[in-house]
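Engineer: Here's a structure for you.
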Number of protein chains: 2
Amino acid sequence: MNFDNFSQSLLRYPDLGFSLDFSRMDIPADFSATMSSKIEKSLADLKTLEAGEIANPDEGRMVGHYWLRNADLAPNDEIRAQITEPLKAVKSFAKKIHSGEIAPPAGGVFENIIIIGIGGSALGPQLIEQALGGAKSPVTTYFFDNTDPAGIDSDLATIGQALNKSLAVVISKSGGTAETRNGMLEAKHAYEEAGLDFAKHAIAVTGEGSKLFNFAKDEGFLATFPMEDWVGGRTSILSTVGLVPMALQGIDFQAMLEGAKAMDEKTRSSDVSNNAALQLALAWYHEGNGKGQKDLVILPYKDSLVLFSKYLQQLIMESLGKAEDLDGQTVNQGLAVYGNKGSTDQHAYVQQLRDGLHNFFATFVEVRKGRKGESITVDEVNTSADYLQGFLRGTRNALYESGRRSITISIEEVTAASLGQLIALFERAVSLYASLINVNAYHQPGVEAGKAAAGTFLEVLNEVRGHLTAEKKDAEQLAFECSADTESVYHAAVHLANNGEAQHAMGANAKEDTFSL
Amino acid sequence: MNFDNFSQSLLRYPDLGFSLDFSRMDIPADFSATMSSKIEKSLADLKTLEAGEIANPDEGRMVGHYWLRNADLAPNDEIRAQITEPLKAVKSFAKKIHSGEIAPPAGGVFENIIIIGIGGSALGPQLIEQALGGAKSPVTTYFFDNTDPAGIDSDLATIGQALNKSLAVVISKSGGTAETRNGMLEAKHAYEEAGLDFAKHAIAVTGEGSKLFNFAKDEGFLATFPMEDWVGGRTSILSTVGLVPMALQGIDFQAMLEGAKAMDEKTRSSDVSNNAALQLALAWYHEGNGKGQKDLVILPYKDSLVLFSKYLQQLIMESLGKAEDLDGQTVNQGLAVYGNKGSTDQHAYVQQLRDGLHNFFATFVEVRKGRKGESITVDEVNTSADYLQGFLRGTRNALYESGRRSITISIEEVTAASLGQLIALFERAVSLYASLINVNAYHQPGVEAGKAAAGTFLEVLNEVRGHLTAEKKDAEQLAFECSADTESVYHAAVHLANNGEAQHAMGANAKEDTFSL
């Protein structure tokens, strides 16, 4: 590629140590011009969103995550206080935990935190823990991010006796999320089995007046921190959801807020060619014809960013994957995201990326600095970091040679500030892209269908429980007695049999199986 | 769905506690019949592969991973001995490590293992560690699976003083994989900095006579275990690559071999409707028109299987993602794989799966038993495991309601045996599907392009090193002096500047930047 073209395609924010290379996306020079009316609308939409308009019409909600890093933007004093007050409270609480002013009843200081949350209430803290946590953290962090009892038991076994120095951080806006409630009740049970008072080892991050809020008050939790209605789960990482864990882990959340704020400011620009978030949204649009026709593969070349693809998978797919557009037309939109890390993935699926199905484009994340401190050379002249850089450049070239496009994002180091920048960049790209394709990026109506179907299944499960007897019955008979769908009854009965609540005699096929007490 | 249809679509191996539900794939009853000649060829291909024919024609290699769990199948006595001899040696070595007969020079017993490998030499051990490791393991396991110095430093910081009780397990067939060599040299340096003799804390798993083999012999490693030419990286999990870590972790690898062997036997059947691996391959073919037109989303509902999607991503994409078919026609084949775990993902990208882009099909993995031991109820009647089952059933139903297809694999528990079954099932499905679409599943020619390009970049890096002076030069001048591509020179110079080997003065754009010592 001509160096002039590369130089022109490289968008840089030198004061942030940030750059974004679109040179391997083959976007025609006049593409922005052809998109100008859509671009104008996108920028205008984001402006009204930031000004506090109802940007999530289906749920009648404001969308306020951009205010979290710049309270001056908040549309009124009440919301401004909802942002600034918790910052002080969180810092003060973490200080007391670290100093032992708030201590476990058994004495000493809290050495572990157990974050109990799911979706946005887990992925953000997991990303941060992986990127910025480590040996120097004042606490070791565990996650209960599912309703899998074996997973919870595994973590509890690792924690062992140190449960008495472990602080449970229960995170749920509504308090009505079953997985989180289950995780909390499993944790409470484990503390009680160990002779410990759960409430004296627990805090909550939740909406005021929620089920969890009331539970925490009634039980006497050590503290509760507020979660606001105008922040959605997948954009809650810079709200109390992310700040409380960060403060406890000794991570400088103020720097992360500043990093996000700086990226927000850069990407409010109406100078299209200098707005990184808008350019990202336009590149997605161009590559996938505004319909997500190519998957987005995220390849950070840095171990500490290994969860970034999973974080973006939620942010992007839950925001953009919508059945209808804002005019009620069926569009089945979205943008599939996956990835892991380089150069590890070169020894895995990069074979397919280079040679196989051309159904994706890549986004490399380069971290320019290899490590803190001195490096040995691993051959005559090069360091491990030189190789990492070599593999990134080599893979980018090899993909482009075979017609596979890529974006390369570069940051100097993985710090609280640069992570804040990356988060803000993608949040804003999602907001802008959603406007380009005319979908509501801030609701998740499809999630309800699965929850409702799960509720129906649990009702069937209890019907089956009530109709199992010593007599052997097949699924059809049980279904008749329970007035329920036969296949659901079958799955319920098999589940009960595998969990000590029924006997299962297998026949030649499912139809001939029988169940009894 | 009609229960009779469900019952007929449910393929069961009751003696293995295994079932596979194709009812939500909408495969026409006559599909197998229309595919009969391809099916016959697939089964015949796999038979000749297992008999020791050169099944990887491009590399002129036999493909022997199915012999690993049944040495009786090996085509000759030499190979048979290559399988059975290491089993004894690995068991005996692990016993000595656990008893302290082989002990760290500092005394005590080895408490940590550091697995140094990449691709197939890391993903298999990572899958197993996540699925079967845990608090009861006699060792804590760390992975150096990249050439990222910061990632290595982070693990070393966590290990801290206990490096003197840490056993490095270096895994590389050729010994020529740069990431693994770099990881080993970084580890060696860290041991030496701590005043420890690396060789007395190291073992190697490698091909006889390889660079690593010779290094280990020269340095006096505690042991070396062989890796054979007829096992590829992505199918090496049941070779010494997986067995050595498992033995050290106290995991019953014999049970895993038995589980894989049992699944192999079931899926050698020429009874098409009762061959789970063949049915899986046919379902993939039907759903993606034999061209991978739908992504495969893996959703295990069990925390301990969270890495299964990453493992399958390598196994499937590296095997199937090929430019040419066996007749040399350009086909750009493949099957994109991603996923994480349920029910966690219902709070993330499942929104898009249900409502958005219809570019995928799902594979649920159900683990029927919730946990070992008793459970509390988390509402009036249900346990956490009941909810997990409810969410799996609910999501499967919600997806199918909106026309998204899925397969459900069920196992009783996550054990060494059931994991062996799952591994064998997918290995064989890949072998059979590769025959259906006529590609070589056992080579990875696309990986070389990236490696070669990386080598070229490292050469440029050294040219730039040699031409940096106190005088400020721009990329074009440096490129002229180095006789190299300007953009590569620019990236090399920026990399050096960020790692203490150059000064970078930024201009208005990349073209105007200058570099000096």
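In the structure tokens, chains take letters A, B, ... by order of appearance, with residues numbered from 1 within each chain and ligands from 1 in the order shown.
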Pick out the chain B residues within 6 Å of chain A. Count only C-alpha atoms. Give them as a VMD selection string.

Structural biologist: chain B and resid 3 7 119 135 146 to 147 149 to 151 157 to 158 182 303 314 317 to 318 321 to 323 332 to 334 344 347 to 349 351 to 352 354 to 357 368 to 369 371 378 384 388 390 to 391 394 to 395 398 446 to 447 449 to 450 453 to 454 457 to 458 487 498 to 499 510 to 511

Engineer: Quick one: residues within 7 Å of Lys165 (chain A), only C-alpha atoms counted, chain neighbours fewer than 4 positions away excluded, as a list of chain:residue names?

Structural biologist: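 The residues that qualify are A:Pro104, A:Val109, A:Phe110, A:Glu111, A:Asn112.
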
Engineer: Produce a file of the selected residues containing C-alpha atoms, as a PDB file, in the first residue's frame.

Structural biologist:
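Result written to part-v2.pdb:
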ATOM      1  CA  PRO A 104     -14.903  -8.784  58.637  1.00  0.00           C
ATOM      2  CA  VAL A 109      -9.244  -7.100  56.513  1.00  0.00           C
ATOM      3  CA  PHE A 110     -11.325  -8.268  53.577  1.00  0.00           C
ATOM      4  CA  GLU A 111      -8.981 -10.170  51.241  1.00  0.00           C
ATOM      5  CA  ASN A 112     -11.473 -11.379  48.609  1.00  0.00           C
TER       6      ASN A 112
END

Engineer: What's around Met227 (chain B) at 12 Å? Count only C-alpha atoms, leave out sequence neighbours fewer than 2 positions away in its own chain, and write the answer as a PyMOL selection string.

Structural biologist: chain B and resi 64-65+68+79+82-83+85-86+121+170-175+204-210+212-213+224-225+229-233+236-244

Engineer: With only C-alpha atoms as the basis for distance, which of B:Gly259, B:Leu46, B:Glu193, B:Asp30 is at the shortest distance from Ile411 (chain B)?

Structural biologist: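 Ranked by minimum distance to Ile411 (chain B), first place goes to B:Gly259.
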
Engineer: Taking only C-alpha atoms into account, which of B:Val365, B:Val272, B:Ala168, B:Ala94 comes nearest Leu419 (chain B)?

Structural biologist: B:Val365

Engineer: Please identify which residues in region 290-370 of chain B DSSP calls alpha helix (DSSP H) from the backbone, and express them as JSON, numbers by chain.

Structural biologist: {"B": [308, 309, 310, 311, 312, 313, 314, 315, 316, 317, 318, 319, 320, 350, 351, 352, 353, 354, 355]}

Engineer: Could you save those same residues with all heavy atoms as a short mmCIF file (atom, residue, chain, number, x, y, z; two decimals), in the first residue's frame?

Structural biologist:
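Once written, out.cif looks like this:
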data_model
loop_
_atom_site.label_atom_id
_atom_site.label_comp_id
_atom_site.auth_asym_id
_atom_site.auth_seq_id
_atom_site.Cartn_x
_atom_site.Cartn_y
_atom_site.Cartn_z
N PHE B 308 -15.15 -24.48 26.14
CA PHE B 308 -15.42 -25.46 25.09
C PHE B 308 -15.59 -24.78 23.73
O PHE B 308 -15.14 -25.30 22.70
CB PHE B 308 -16.66 -26.27 25.46
CG PHE B 308 -16.82 -27.55 24.67
CD1 PHE B 308 -15.76 -28.44 24.52
CD2 PHE B 308 -18.03 -27.88 24.07
CE1 PHE B 308 -15.90 -29.62 23.79
CE2 PHE B 308 -18.18 -29.06 23.35
CZ PHE B 308 -17.11 -29.93 23.20
N SER B 309 -16.20 -23.62 23.72
CA SER B 309 -16.38 -22.92 22.44
C SER B 309 -15.03 -22.51 21.85
O SER B 309 -14.81 -22.58 20.64
CB SER B 309 -17.29 -21.70 22.58
OG SER B 309 -16.75 -20.80 23.51
N LYS B 310 -14.11 -22.08 22.71
CA LYS B 310 -12.80 -21.67 22.22
C LYS B 310 -12.04 -22.89 21.68
O LYS B 310 -11.34 -22.82 20.67
CB LYS B 310 -12.00 -21.01 23.35
CG LYS B 310 -10.95 -20.06 22.87
CD LYS B 310 -10.01 -19.61 23.97
CE LYS B 310 -10.58 -18.49 24.83
NZ LYS B 310 -9.54 -17.92 25.74
N TYR B 311 -12.19 -24.01 22.39
CA TYR B 311 -11.55 -25.25 21.94
C TYR B 311 -12.10 -25.67 20.57
O TYR B 311 -11.35 -26.00 19.66
CB TYR B 311 -11.78 -26.34 22.99
CG TYR B 311 -11.18 -27.67 22.60
CD1 TYR B 311 -9.82 -27.91 22.75
CD2 TYR B 311 -11.97 -28.67 22.03
CE1 TYR B 311 -9.26 -29.11 22.37
CE2 TYR B 311 -11.42 -29.88 21.65
CZ TYR B 311 -10.06 -30.09 21.81
OH TYR B 311 -9.51 -31.28 21.42
N LEU B 312 -13.43 -25.62 20.45
CA LEU B 312 -14.05 -26.03 19.18
C LEU B 312 -13.76 -25.02 18.07
O LEU B 312 -13.69 -25.38 16.90
CB LEU B 312 -15.56 -26.20 19.36
CG LEU B 312 -15.99 -27.37 20.24
CD1 LEU B 312 -17.51 -27.45 20.30
CD2 LEU B 312 -15.40 -28.70 19.74
N GLN B 313 -13.63 -23.76 18.45
CA GLN B 313 -13.26 -22.73 17.47
C GLN B 313 -11.96 -23.13 16.78
O GLN B 313 -11.86 -23.07 15.55
CB GLN B 313 -13.07 -21.42 18.23
CG GLN B 313 -13.14 -20.17 17.42
CD GLN B 313 -13.12 -18.95 18.33
OE1 GLN B 313 -12.26 -18.83 19.20
NE2 GLN B 313 -14.06 -18.03 18.13
N GLN B 314 -10.98 -23.58 17.55
CA GLN B 314 -9.74 -24.03 16.93
C GLN B 314 -9.94 -25.31 16.13
O GLN B 314 -9.57 -25.39 14.95
CB GLN B 314 -8.66 -24.28 17.98
CG GLN B 314 -7.41 -24.88 17.32
CD GLN B 314 -6.32 -25.29 18.29
OE1 GLN B 314 -6.57 -25.97 19.25
NE2 GLN B 314 -5.14 -24.85 18.00
N LEU B 315 -10.54 -26.32 16.79
CA LEU B 315 -10.67 -27.63 16.15
C LEU B 315 -11.41 -27.51 14.81
O LEU B 315 -10.99 -28.05 13.79
CB LEU B 315 -11.42 -28.59 17.08
CG LEU B 315 -11.77 -29.96 16.49
CD1 LEU B 315 -10.50 -30.76 16.21
CD2 LEU B 315 -12.69 -30.75 17.44
N ILE B 316 -12.51 -26.79 14.83
CA ILE B 316 -13.37 -26.74 13.64
C ILE B 316 -12.84 -25.76 12.60
O ILE B 316 -12.71 -26.08 11.42
CB ILE B 316 -14.83 -26.38 14.06
CG1 ILE B 316 -15.40 -27.51 14.92
CG2 ILE B 316 -15.69 -26.10 12.84
CD1 ILE B 316 -16.77 -27.21 15.53
N MET B 317 -12.50 -24.54 13.02
CA MET B 317 -12.13 -23.52 12.04
C MET B 317 -10.76 -23.79 11.41
O MET B 317 -10.56 -23.56 10.22
CB MET B 317 -12.18 -22.12 12.67
CG MET B 317 -13.59 -21.69 13.05
SD MET B 317 -13.67 -20.08 13.91
CE MET B 317 -13.42 -18.94 12.53
N GLU B 318 -9.81 -24.29 12.21
CA GLU B 318 -8.49 -24.57 11.65
C GLU B 318 -8.54 -25.80 10.74
O GLU B 318 -7.79 -25.90 9.78
CB GLU B 318 -7.45 -24.75 12.76
CG GLU B 318 -6.01 -24.61 12.25
CD GLU B 318 -4.96 -24.60 13.36
OE1 GLU B 318 -5.22 -25.17 14.43
OE2 GLU B 318 -3.88 -24.03 13.13
N SER B 319 -9.49 -26.71 11.04
CA SER B 319 -9.61 -27.92 10.22
C SER B 319 -10.37 -27.65 8.92
O SER B 319 -9.99 -28.15 7.86
CB SER B 319 -10.32 -29.02 11.01
OG SER B 319 -9.60 -29.37 12.17
N LEU B 320 -11.44 -26.89 9.01
CA LEU B 320 -12.34 -26.75 7.87
C LEU B 320 -12.10 -25.49 7.04
O LEU B 320 -12.54 -25.42 5.89
CB LEU B 320 -13.80 -26.79 8.33
CG LEU B 320 -14.21 -28.05 9.11
CD1 LEU B 320 -15.66 -27.92 9.57
CD2 LEU B 320 -14.03 -29.31 8.26
N VAL B 350 -27.53 -13.04 23.29
CA VAL B 350 -28.69 -13.84 22.91
C VAL B 350 -29.82 -12.94 22.37
O VAL B 350 -30.64 -13.38 21.57
CB VAL B 350 -29.16 -14.75 24.07
CG1 VAL B 350 -30.50 -15.41 23.78
CG2 VAL B 350 -28.10 -15.84 24.31
N GLN B 351 -29.82 -11.67 22.77
CA GLN B 351 -30.75 -10.70 22.16
C GLN B 351 -30.64 -10.74 20.63
O GLN B 351 -31.65 -10.82 19.92
CB GLN B 351 -30.43 -9.29 22.68
CG GLN B 351 -30.97 -8.13 21.85
CD GLN B 351 -32.49 -8.08 21.83
OE1 GLN B 351 -33.15 -8.45 22.81
NE2 GLN B 351 -33.08 -7.64 20.71
N GLN B 352 -29.43 -10.68 20.13
CA GLN B 352 -29.26 -10.73 18.67
C GLN B 352 -29.64 -12.11 18.10
O GLN B 352 -30.25 -12.19 17.03
CB GLN B 352 -27.82 -10.37 18.27
CG GLN B 352 -27.60 -10.47 16.75
CD GLN B 352 -26.30 -9.84 16.27
OE1 GLN B 352 -25.95 -8.74 16.70
NE2 GLN B 352 -25.60 -10.51 15.39
N LEU B 353 -29.30 -13.16 18.82
CA LEU B 353 -29.63 -14.50 18.32
C LEU B 353 -31.14 -14.65 18.14
O LEU B 353 -31.62 -15.20 17.15
CB LEU B 353 -29.12 -15.59 19.27
CG LEU B 353 -27.61 -15.67 19.54
CD1 LEU B 353 -27.27 -16.97 20.28
CD2 LEU B 353 -26.78 -15.56 18.28
N ARG B 354 -31.89 -14.14 19.09
CA ARG B 354 -33.34 -14.30 19.02
C ARG B 354 -33.99 -13.36 17.99
O ARG B 354 -34.86 -13.77 17.24
CB ARG B 354 -33.92 -14.06 20.42
CG ARG B 354 -35.33 -13.56 20.48
CD ARG B 354 -36.39 -14.64 20.61
NE ARG B 354 -37.71 -14.01 20.50
CZ ARG B 354 -38.85 -14.64 20.48
NH1 ARG B 354 -38.90 -15.95 20.57
NH2 ARG B 354 -39.98 -13.99 20.37
N ASP B 355 -33.55 -12.12 17.97
CA ASP B 355 -34.27 -11.10 17.20
C ASP B 355 -33.54 -10.64 15.94
O ASP B 355 -34.17 -10.15 15.01
CB ASP B 355 -34.47 -9.83 18.05
CG ASP B 355 -35.63 -9.95 19.01
OD1 ASP B 355 -36.29 -11.01 19.01
OD2 ASP B 355 -35.87 -8.98 19.76
#

Engineer: Using CA of Ala277 (chain A) and CA of Ala429 (chain A) as the two end points, give the distance in Å to one decimal.

Structural biologist: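 Between CA of Ala277 (chain A) and CA of Ala429 (chain A) the gap is 4.5 Å.
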
Engineer: What parts of region 12-257 of chain A does DSSP call strand (DSSP E)? I'd like the answer as an MDAnalysis selection string.

Structural biologist: chainID A and resid 12:13 18:21 112:116 140:144 166:171 202:206 223:226

Engineer: Produce a file of the selected residues containing N, CA and C atoms, as a PDB file, in the first residue's frame.

Structural biologist:
ATOM      1  N   ARG A  12      -5.483  10.024  14.207  1.00  0.00           N
ATOM      2  CA  ARG A  12      -4.683  10.034  15.442  1.00  0.00           C
ATOM      3  C   ARG A  12      -5.180  11.074  16.439  1.00  0.00           C
ATOM      4  N   TYR A  13      -5.138  10.691  17.720  1.00  0.00           N
ATOM      5  CA  TYR A  13      -5.331  11.639  18.811  1.00  0.00           C
ATOM      6  C   TYR A  13      -4.034  11.612  19.622  1.00  0.00           C
ATOM      7  N   PHE A  18      -3.423   7.671  21.033  1.00  0.00           N
ATOM      8  CA  PHE A  18      -4.392   6.779  20.392  1.00  0.00           C
ATOM      9  C   PHE A  18      -4.349   6.949  18.876  1.00  0.00           C
ATOM     10  N   SER A  19      -4.434   5.837  18.146  1.00  0.00           N
ATOM     11  CA  SER A  19      -4.632   5.963  16.704  1.00  0.00           C
ATOM     12  C   SER A  19      -5.506   4.848  16.169  1.00  0.00           C
ATOM     13  N   LEU A  20      -6.061   5.077  14.997  1.00  0.00           N
ATOM     14  CA  LEU A  20      -7.034   4.172  14.395  1.00  0.00           C
ATOM     15  C   LEU A  20      -6.719   4.150  12.903  1.00  0.00           C
ATOM     16  N   ASP A  21      -6.401   2.943  12.405  1.00  0.00           N
ATOM     17  CA  ASP A  21      -5.908   2.786  11.036  1.00  0.00           C
ATOM     18  C   ASP A  21      -6.988   2.108  10.188  1.00  0.00           C
ATOM     19  N   ASN A 112     -10.822 -10.965  49.858  1.00  0.00           N
ATOM     20  CA  ASN A 112     -11.473 -11.379  48.609  1.00  0.00           C
ATOM     21  C   ASN A 112     -12.728 -10.563  48.394  1.00  0.00           C
ATOM     22  N   ILE A 113     -13.093 -10.363  47.137  1.00  0.00           N
ATOM     23  CA  ILE A 113     -14.452  -9.909  46.843  1.00  0.00           C
ATOM     24  C   ILE A 113     -15.094 -10.932  45.901  1.00  0.00           C
ATOM     25  N   ILE A 114     -16.380 -11.166  46.142  1.00  0.00           N
ATOM     26  CA  ILE A 114     -17.158 -12.075  45.294  1.00  0.00           C
ATOM     27  C   ILE A 114     -18.213 -11.221  44.606  1.00  0.00           C
ATOM     28  N   ILE A 115     -18.037 -11.002  43.317  1.00  0.00           N
ATOM     29  CA  ILE A 115     -18.986 -10.177  42.582  1.00  0.00           C
ATOM     30  C   ILE A 115     -20.112 -11.076  42.087  1.00  0.00           C
ATOM     31  N   ILE A 116     -21.330 -10.758  42.525  1.00  0.00           N
ATOM     32  CA  ILE A 116     -22.490 -11.560  42.158  1.00  0.00           C
ATOM     33  C   ILE A 116     -23.352 -10.722  41.218  1.00  0.00           C
ATOM     34  N   THR A 140      -8.442 -10.396  46.041  1.00  0.00           N
ATOM     35  CA  THR A 140      -8.611 -11.361  44.954  1.00  0.00           C
ATOM     36  C   THR A 140     -10.099 -11.372  44.601  1.00  0.00           C
ATOM     37  N   THR A 141     -10.391 -11.407  43.298  1.00  0.00           N
ATOM     38  CA  THR A 141     -11.781 -11.252  42.862  1.00  0.00           C
ATOM     39  C   THR A 141     -12.346 -12.557  42.308  1.00  0.00           C
ATOM     40  N   TYR A 142     -13.533 -12.905  42.741  1.00  0.00           N
ATOM     41  CA  TYR A 142     -14.278 -14.060  42.218  1.00  0.00           C
ATOM     42  C   TYR A 142     -15.595 -13.552  41.630  1.00  0.00           C
ATOM     43  N   PHE A 143     -16.142 -14.333  40.702  1.00  0.00           N
ATOM     44  CA  PHE A 143     -17.415 -13.942  40.086  1.00  0.00           C
ATOM     45  C   PHE A 143     -18.431 -15.083  40.173  1.00  0.00           C
ATOM     46  N   PHE A 144     -19.613 -14.780  40.669  1.00  0.00           N
ATOM     47  CA  PHE A 144     -20.759 -15.679  40.508  1.00  0.00           C
ATOM     48  C   PHE A 144     -21.617 -15.032  39.412  1.00  0.00           C
ATOM     49  N   SER A 166     -14.127 -12.541  53.043  1.00  0.00           N
ATOM     50  CA  SER A 166     -14.602 -12.301  51.679  1.00  0.00           C
ATOM     51  C   SER A 166     -15.840 -11.407  51.699  1.00  0.00           C
ATOM     52  N   LEU A 167     -15.803 -10.386  50.854  1.00  0.00           N
ATOM     53  CA  LEU A 167     -16.899  -9.429  50.765  1.00  0.00           C
ATOM     54  C   LEU A 167     -17.734  -9.730  49.518  1.00  0.00           C
ATOM     55  N   ALA A 168     -19.012 -10.028  49.729  1.00  0.00           N
ATOM     56  CA  ALA A 168     -19.906 -10.273  48.591  1.00  0.00           C
ATOM     57  C   ALA A 168     -20.428  -8.933  48.071  1.00  0.00           C
ATOM     58  N   VAL A 169     -20.319  -8.723  46.766  1.00  0.00           N
ATOM     59  CA  VAL A 169     -20.783  -7.491  46.118  1.00  0.00           C
ATOM     60  C   VAL A 169     -21.916  -7.893  45.176  1.00  0.00           C
ATOM     61  N   VAL A 170     -23.146  -7.662  45.597  1.00  0.00           N
ATOM     62  CA  VAL A 170     -24.297  -8.123  44.821  1.00  0.00           C
ATOM     63  C   VAL A 170     -24.765  -6.985  43.917  1.00  0.00           C
ATOM     64  N   ILE A 171     -24.788  -7.232  42.613  1.00  0.00           N
ATOM     65  CA  ILE A 171     -25.061  -6.162  41.647  1.00  0.00           C
ATOM     66  C   ILE A 171     -26.269  -6.511  40.788  1.00  0.00           C
ATOM     67  N   ALA A 202     -21.496  -8.317  53.206  1.00  0.00           N
ATOM     68  CA  ALA A 202     -22.162  -8.081  51.922  1.00  0.00           C
ATOM     69  C   ALA A 202     -22.477  -6.615  51.695  1.00  0.00           C
ATOM     70  N   ILE A 203     -22.378  -6.203  50.434  1.00  0.00           N
ATOM     71  CA  ILE A 203     -22.863  -4.900  50.001  1.00  0.00           C
ATOM     72  C   ILE A 203     -23.698  -5.112  48.734  1.00  0.00           C
ATOM     73  N   ALA A 204     -24.509  -4.121  48.408  1.00  0.00           N
ATOM     74  CA  ALA A 204     -25.346  -4.227  47.210  1.00  0.00           C
ATOM     75  C   ALA A 204     -25.163  -2.990  46.345  1.00  0.00           C
ATOM     76  N   VAL A 205     -25.217  -3.205  45.044  1.00  0.00           N
ATOM     77  CA  VAL A 205     -25.263  -2.110  44.071  1.00  0.00           C
ATOM     78  C   VAL A 205     -26.582  -2.299  43.336  1.00  0.00           C
ATOM     79  N   THR A 206     -27.519  -1.395  43.547  1.00  0.00           N
ATOM     80  CA  THR A 206     -28.877  -1.652  43.058  1.00  0.00           C
ATOM     81  C   THR A 206     -29.700  -0.370  42.999  1.00  0.00           C
ATOM     82  N   ALA A 223     -23.326  -1.926  53.225  1.00  0.00           N
ATOM     83  CA  ALA A 223     -23.567  -0.702  52.446  1.00  0.00           C
ATOM     84  C   ALA A 223     -24.409  -1.035  51.221  1.00  0.00           C
ATOM     85  N   THR A 224     -25.066  -0.030  50.693  1.00  0.00           N
ATOM     86  CA  THR A 224     -25.663  -0.147  49.358  1.00  0.00           C
ATOM     87  C   THR A 224     -25.258   1.085  48.555  1.00  0.00           C
ATOM     88  N   PHE A 225     -25.066   0.859  47.255  1.00  0.00           N
ATOM     89  CA  PHE A 225     -24.729   1.947  46.330  1.00  0.00           C
ATOM     90  C   PHE A 225     -25.784   1.977  45.235  1.00  0.00           C
ATOM     91  N   PRO A 226     -26.152   3.174  44.803  1.00  0.00           N
ATOM     92  CA  PRO A 226     -27.287   3.290  43.885  1.00  0.00           C
ATOM     93  C   PRO A 226     -26.941   2.973  42.422  1.00  0.00           C
TER      94      PRO A 226
END

Engineer: Take CA of Lys261 (chain B) and CA of Gly420 (chain B) and report the distance between them in Å, one decimal.

Structural biologist: 8.0 Å
